[in-house]
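Novice: Here you go, one structure.
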Amino acid sequence: MLKPRSNDPSKPTATYTEWCRAVVQAAGTDSRVNLLFDSTIEEPSELLRDKVRNAFTGDANPHYRSVFARGNPDVISAIAERYGVESQWITCTTGCSSALSIIYRAFLGAGTHVIVERPYFDLFPDLGKNCGAQISYVDRTGPTFELDVSRIVSQIRADTRLIVVTNLHNPTGAALSDASLTELAIVAERAGVTVVVDEVYADFITDGSRSGAAARLSPALVSTGSLSKVYGLFALRCGWIIAQKAARERIQAVYDRYELGVSKVTHAVAASVFDDMAPFEKHWRDILAANRPLMLEQAGILEAEELLAGPVPTFGCMYFPRLLVSHDDMAVAHFLWETERLAVAPGSYFGRPGHLRLGFGKSTAHIKDGLDRLRAGLLRYRVQQSV
């Protein structure tokens with residue numbers, strides 16, 4: 001059983017979010033710390049500063065507009081064009097977490113049921129529990145963590161209101177194609193269930209298997225997204241919901257009551273970002289062009305030395321390998337923190353013990369240093385266990 005909240009990142013906490021806060025706080029006061037768990041692209045600070053300066057220097061910014069109804073109109077127009085949906089389907093939110101909270105409130109309550117994929121981002125079951133709903137889990141299986149629609153079908157009940165999936169999947173980085181989402185939508189339509197597709201990582205998918213927001217495929221699908229993960233623009237807190245008419249009306253009723261935090265300032269900057277996405281696209285592509293070969297190389301070495309196992313996913317900046325030195329991921333993560341000042345996220349926080357989540361979206365020097373510490377620490381851990 002996980003222990004209650006602690007400010008010591010070397011000790012397990014009740015939730016991933018609490019652990020993450022403790023780790024980041026410790027890193028702020030200890031220059032030795034390496035955060036190898038972060039699944040977000042490093043912030044493009046210079047690009048962001050330029051956007052902020054240009055947005056509020058000189059003439060009035062035409063994007064500085066009211067966000068009261070459904071969000072900044074220019075952001076809404078840009079999202080509609082970018083993801084191939086109708087502008088009236090879009091509602092802007094204070095990041096993707098707020099979007100998910102609003103959707104859960106719109107569809108769930110006491111006596112309802114939600115199906116969540118596993119491994120999961122801990123917010124997904126937690127939001128359901130907070131609404132009084134019962135939670136069922138559908139396990140992603142195999143070394144590539146595939147989602148089997150037939151497993152979801154077997155979990156649908158008369159009181160099921162939501163199915164929640166991610167694309168790319170967090171924490172594994174597995175991708176869902178439009179074909180897979182359409183198959184899931186057909187099942188959901190027949191059962192009268194809404195499927196939430198969290199797409200905060202979806203822009204990483206570049207092979208043509210995704211041609212826009214999932215919500216355009218079916219009225220049963222609702223998309224959420226943000227500028228935080230792929231583009232590293234978490235400071236803007238710019239998120240959104242995309243839903244067709246029936247789902248949108250339910251969502252809007254809750255949004256009008258509870259979404260009070262959309263920032264007129266940061267969403268004006270976000271509109272400027274959407275005006276010219278090319279530099280921000282280049283930022284994440286350059287990072288992954290340097291880091292992915294390194295991650296692939298080191299993953300091969302770690303597997304050959306029987307420390308970790310599992311393929312690096314094709315897209316994105318996270319990796320969820322299986323531990324070979326021990327099934328106790330909490331103990332291994334604790335050891336790596338104590339001996340290497342290395343933060344890796346235990347799989348137990350995602351509902352899959354025996355794994356670690358690693359991130360490779362920061363600078364190449366940071367990732368190389370982290371992977372060197374990971375190998376050294378795992379080798380040391382194995383020796384300690386054999387004594």
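Chain labels A, B, ... are given in the sequence in which chains occur in the structure tokens; within each chain residues are numbered consecutively from 1, and ligands are likewise numbered from 1 in the order shown.
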For A:Thr364, please output as a PyMOL selection string all residues within 7 Å (counting only C-alpha atoms; exclusion window: fewer than 4 positions along the same chain).

Specialist: chain A and resi 290-291+368

Novice: For the selection just defined, write its residues with all heavy atoms to a file, as an mmCIF file, in the first residue's frame.

Specialist:
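Saved file part-v4.cif follows:
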data_model
loop_
_atom_site.group_PDB
_atom_site.id
_atom_site.type_symbol
_atom_site.label_atom_id
_atom_site.label_comp_id
_atom_site.auth_asym_id
_atom_site.auth_seq_id
_atom_site.Cartn_x
_atom_site.Cartn_y
_atom_site.Cartn_z
ATOM 1 N N ALA A 290 17.496 14.537 -31.842
ATOM 2 C CA ALA A 290 18.734 14.283 -31.100
ATOM 3 C C ALA A 290 18.556 13.193 -30.044
ATOM 4 O O ALA A 290 19.446 12.354 -29.853
ATOM 5 C CB ALA A 290 19.210 15.577 -30.437
ATOM 6 N N ASN A 291 17.413 13.191 -29.380
ATOM 7 C CA ASN A 291 17.251 12.319 -28.213
ATOM 8 C C ASN A 291 16.737 10.925 -28.522
ATOM 9 O O ASN A 291 17.049 9.976 -27.801
ATOM 10 C CB ASN A 291 16.311 12.978 -27.200
ATOM 11 C CG ASN A 291 16.926 14.185 -26.538
ATOM 12 O OD1 ASN A 291 18.100 14.484 -26.738
ATOM 13 N ND2 ASN A 291 16.144 14.895 -25.751
ATOM 14 N N LYS A 368 21.219 12.328 -21.556
ATOM 15 C CA LYS A 368 22.394 11.450 -21.515
ATOM 16 C C LYS A 368 22.858 11.243 -20.077
ATOM 17 O O LYS A 368 23.148 10.116 -19.659
ATOM 18 C CB LYS A 368 23.530 12.029 -22.357
ATOM 19 C CG LYS A 368 24.739 11.103 -22.442
ATOM 20 C CD LYS A 368 25.832 11.680 -23.305
ATOM 21 C CE LYS A 368 26.958 10.647 -23.507
ATOM 22 N NZ LYS A 368 27.442 10.053 -22.232
#

Novice: Hey, what's within 8 Å of A:Ala202 if we count only C-alpha atoms and toss same-chain stuff fewer than 2 positions away? As number ranges by chain, please?

Specialist: A: 167-168, 199-200, 204-205

Novice: Just to be explicit: take each residue in the selection above, keep C-alpha atoms, and write the result as a PDB file, in the first residue's frame.

Specialist:
ATOM      1  CA  ASN A 167      -3.532   9.150 -27.668  1.00  0.00           C
ATOM      2  CA  LEU A 168      -0.577   8.974 -27.435  1.00  0.00           C
ATOM      3  CA  GLU A 199      -4.944  14.101 -27.228  1.00  0.00           C
ATOM      4  CA  VAL A 200      -2.344  16.214 -25.413  1.00  0.00           C
ATOM      5  CA  PHE A 204       3.616  13.734 -32.056  1.00  0.00           C
ATOM      6  CA  ILE A 205       1.910  11.254 -34.427  1.00  0.00           C
TER       7      ILE A 205
END

Novice: Choose the residue, out of A:Met330, A:Val153, A:Ala213, A:Leu162, that has the smallest atom-to-atom separation from A:Ile186; count only C-alpha atoms.

Specialist: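 Going through A:Met330, A:Val153, A:Ala213, A:Leu162 one by one, the smallest distance to A:Ile186 is for A:Val153.
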
Novice: Near A:Arg380, counting only C-alpha atoms, which residues have an atom at most 10 Å away, once you skip same-chain residues fewer than 4 positions from it, shown as an MDAnalysis selection string?

Specialist: chainID A and resid 335:336 339 374:376 384:385

Novice: Could you work out how far atom CA of A:Glu305 lies from atom CA of A:Cys317, giving the answer in Å with one decimal?

Specialist: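 Between atom CA of A:Cys317 and atom CA of A:Glu305 the gap is 22.9 Å.
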
Novice: Residues near A:Ser209, anyone? I mean within 7 Å using only C-alpha atoms, not counting same-chain ones fewer than 2 positions away, as a list in words.

Specialist: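 Close residues of A:Ser209: Ser177, Asp178, Asp207 and Ser211 of chain A.
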
Novice: Residues within 12 Å of A:Leu302, please, as a PyMOL selection string. Count only C-alpha atoms; anything in the same chain fewer than 6 positions from it doesn't count.

Specialist: chain A and resi 295-296+308-312+321-325+371-379

Novice: What are the DSSP strand (DSSP E) residues of stretch 95-326 of chain A, as an MDAnalysis selection string?

Specialist: chainID A and resid 113:118 134:139 160:166 194:198 221:226 238:242 308:309 318:319 322:323

Novice: Hey, what's within 10 Å of A:Asp369 if we count only C-alpha atoms and toss same-chain stuff fewer than 6 positions away? As a compact mmCIF listing (two decimals) with N, CA, C and O atoms, in the first residue's frame, please?

Specialist:
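And here's out.txt as it stands now:
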# COMPACT_ATOMS: atom_id res chain seq x y z
N ASN A 34 18.53 14.90 -11.29
CA ASN A 34 18.18 14.74 -12.70
C ASN A 34 16.76 14.19 -12.77
O ASN A 34 16.46 13.15 -12.20
N LEU A 36 14.40 12.46 -14.90
CA LEU A 36 14.33 11.64 -16.12
C LEU A 36 12.92 11.08 -16.34
O LEU A 36 12.72 10.24 -17.19
N LEU A 342 18.46 10.59 -9.00
CA LEU A 342 17.76 10.42 -10.28
C LEU A 342 16.29 10.16 -10.00
O LEU A 342 15.94 9.26 -9.23

Novice: Give me, as a PyMOL selection string, all polymer residues having an atom no more than 10 Å from A:Phe37, counting only C-alpha atoms and skipping those fewer than 6 positions away in the same chain.

Specialist: chain A and resi 20+318-320+342-346+356-361+370

Novice: Rank A:Trp89, A:Tyr83, A:Tyr120, A:Phe315 by their smallest atom-to-atom distance to A:Pro219, using only C-alpha atoms, and report the top residue only.

Specialist: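 When distances to A:Pro219 are compared using only C-alpha atoms, the smallest one comes from A:Trp89.
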
Novice: Which residue out of A:Arg352, A:Lys362, A:Lys229, A:Arg257 has the minimum interatomic distance to A:Tyr137 when only C-alpha atoms are used?

Specialist: A:Arg352

Novice: Identify all residues of stretch 132-293 of chain A in helix (DSSP H, G or I) (DSSP on the backbone) and supply them as a PyMOL selection string.

Specialist: chain A and resi 149-155+178-191+202-204+214-217+234-236+245-258+264-275+278-293

Novice: Restricting the output to C-alpha atoms, write the selected residues as a PDB file, in the first residue's frame.

Specialist:
ATOM      1  CA  VAL A 149     -11.677  -2.862 -28.203  1.00  0.00           C
ATOM      2  CA  SER A 150     -13.241  -6.232 -27.368  1.00  0.00           C
ATOM      3  CA  ARG A 151     -11.935  -5.865 -23.816  1.00  0.00           C
ATOM      4  CA  ILE A 152     -13.726  -2.533 -23.555  1.00  0.00           C
ATOM      5  CA  VAL A 153     -16.961  -4.069 -24.850  1.00  0.00           C
ATOM      6  CA  SER A 154     -16.837  -6.660 -22.087  1.00  0.00           C
ATOM      7  CA  GLN A 155     -16.690  -3.897 -19.452  1.00  0.00           C
ATOM      8  CA  ASP A 178      -8.098   6.783 -36.767  1.00  0.00           C
ATOM      9  CA  ALA A 179      -9.162   3.239 -37.692  1.00  0.00           C
ATOM     10  CA  SER A 180      -8.881   2.060 -34.074  1.00  0.00           C
ATOM     11  CA  LEU A 181     -10.752   5.110 -32.802  1.00  0.00           C
ATOM     12  CA  THR A 182     -13.509   4.564 -35.365  1.00  0.00           C
ATOM     13  CA  GLU A 183     -13.871   0.951 -34.204  1.00  0.00           C
ATOM     14  CA  LEU A 184     -14.159   2.192 -30.624  1.00  0.00           C
ATOM     15  CA  ALA A 185     -16.679   4.860 -31.657  1.00  0.00           C
ATOM     16  CA  ILE A 186     -18.963   2.274 -33.297  1.00  0.00           C
ATOM     17  CA  VAL A 187     -19.049   0.307 -30.043  1.00  0.00           C
ATOM     18  CA  ALA A 188     -19.706   3.462 -28.018  1.00  0.00           C
ATOM     19  CA  GLU A 189     -22.515   4.652 -30.301  1.00  0.00           C
ATOM     20  CA  ARG A 190     -24.306   1.313 -29.992  1.00  0.00           C
ATOM     21  CA  ALA A 191     -24.024   1.426 -26.194  1.00  0.00           C
ATOM     22  CA  ALA A 202      -1.337  13.401 -30.342  1.00  0.00           C
ATOM     23  CA  ASP A 203       0.569  15.975 -32.404  1.00  0.00           C
ATOM     24  CA  PHE A 204       3.616  13.734 -32.056  1.00  0.00           C
ATOM     25  CA  ALA A 214     -10.782  12.198 -32.810  1.00  0.00           C
ATOM     26  CA  ALA A 215     -14.042  14.090 -32.221  1.00  0.00           C
ATOM     27  CA  ARG A 216     -14.514  14.608 -35.941  1.00  0.00           C
ATOM     28  CA  LEU A 217     -14.859  10.835 -36.444  1.00  0.00           C
ATOM     29  CA  PHE A 234       2.572  24.690 -20.058  1.00  0.00           C
ATOM     30  CA  ALA A 235       2.940  28.310 -18.882  1.00  0.00           C
ATOM     31  CA  LEU A 236       0.066  29.349 -21.161  1.00  0.00           C
ATOM     32  CA  LYS A 245     -23.634  18.831 -30.636  1.00  0.00           C
ATOM     33  CA  ALA A 246     -25.181  16.541 -28.017  1.00  0.00           C
ATOM     34  CA  ALA A 247     -22.005  16.100 -25.966  1.00  0.00           C
ATOM     35  CA  ARG A 248     -21.092  19.770 -26.375  1.00  0.00           C
ATOM     36  CA  GLU A 249     -24.408  20.938 -24.925  1.00  0.00           C
ATOM     37  CA  ARG A 250     -23.903  18.862 -21.771  1.00  0.00           C
ATOM     38  CA  ILE A 251     -20.325  20.040 -21.476  1.00  0.00           C
ATOM     39  CA  GLN A 252     -21.199  23.692 -22.038  1.00  0.00           C
ATOM     40  CA  ALA A 253     -23.741  23.646 -19.203  1.00  0.00           C
ATOM     41  CA  VAL A 254     -21.015  22.576 -16.770  1.00  0.00           C
ATOM     42  CA  TYR A 255     -18.416  24.854 -18.356  1.00  0.00           C
ATOM     43  CA  ASP A 256     -20.610  27.897 -17.794  1.00  0.00           C
ATOM     44  CA  ARG A 257     -20.739  27.118 -14.080  1.00  0.00           C
ATOM     45  CA  TYR A 258     -17.212  25.912 -13.313  1.00  0.00           C
ATOM     46  CA  LYS A 264      -7.363  36.489 -21.399  1.00  0.00           C
ATOM     47  CA  VAL A 265      -3.624  37.277 -21.319  1.00  0.00           C
ATOM     48  CA  THR A 266      -2.107  33.826 -21.847  1.00  0.00           C
ATOM     49  CA  HIS A 267      -4.697  32.773 -24.406  1.00  0.00           C
ATOM     50  CA  ALA A 268      -3.910  35.927 -26.389  1.00  0.00           C
ATOM     51  CA  VAL A 269      -0.306  34.720 -26.456  1.00  0.00           C
ATOM     52  CA  ALA A 270      -1.543  31.256 -27.448  1.00  0.00           C
ATOM     53  CA  ALA A 271      -3.387  32.798 -30.400  1.00  0.00           C
ATOM     54  CA  SER A 272      -0.087  34.365 -31.483  1.00  0.00           C
ATOM     55  CA  VAL A 273       1.594  30.960 -31.209  1.00  0.00           C
ATOM     56  CA  PHE A 274      -1.071  29.432 -33.454  1.00  0.00           C
ATOM     57  CA  ASP A 275      -0.378  32.207 -35.996  1.00  0.00           C
ATOM     58  CA  ALA A 278       6.581  26.425 -37.350  1.00  0.00           C
ATOM     59  CA  PRO A 279       9.249  27.477 -34.786  1.00  0.00           C
ATOM     60  CA  PHE A 280       7.472  25.542 -32.046  1.00  0.00           C
ATOM     61  CA  GLU A 281       7.137  22.494 -34.279  1.00  0.00           C
ATOM     62  CA  LYS A 282      10.852  22.734 -35.063  1.00  0.00           C
ATOM     63  CA  HIS A 283      11.662  22.960 -31.357  1.00  0.00           C
ATOM     64  CA  TRP A 284      10.183  19.578 -30.444  1.00  0.00           C
ATOM     65  CA  ARG A 285      11.291  17.901 -33.652  1.00  0.00           C
ATOM     66  CA  ASP A 286      14.898  19.009 -33.087  1.00  0.00           C
ATOM     67  CA  ILE A 287      14.842  17.719 -29.516  1.00  0.00           C
ATOM     68  CA  LEU A 288      13.535  14.314 -30.551  1.00  0.00           C
ATOM     69  CA  ALA A 289      15.843  14.121 -33.565  1.00  0.00           C
ATOM     70  CA  ALA A 290      18.734  14.283 -31.100  1.00  0.00           C
ATOM     71  CA  ASN A 291      17.251  12.319 -28.213  1.00  0.00           C
ATOM     72  CA  ARG A 292      15.390   9.464 -29.858  1.00  0.00           C
ATOM     73  CA  PRO A 293      18.534   7.796 -31.293  1.00  0.00           C
TER      74      PRO A 293
END

Novice: Ranking A:Ala27, A:Ala304, A:Val67, A:Ala22 by minimum distance to A:Arg341 and counting only C-alpha atoms, which one comes first?

Specialist: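 Under the stated criterion, the closest residue is A:Ala27.
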
Novice: Go through A:Gly232, A:Gly173, A:Gly58, A:Gly316 one by one, measure the shortest atom-to-atom distance of each to A:Thr206 using only C-alpha atoms, and give the residue with the smallest value.

Specialist: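 Comparing A:Gly232, A:Gly173, A:Gly58, A:Gly316 against A:Thr206, the winner is A:Gly316.
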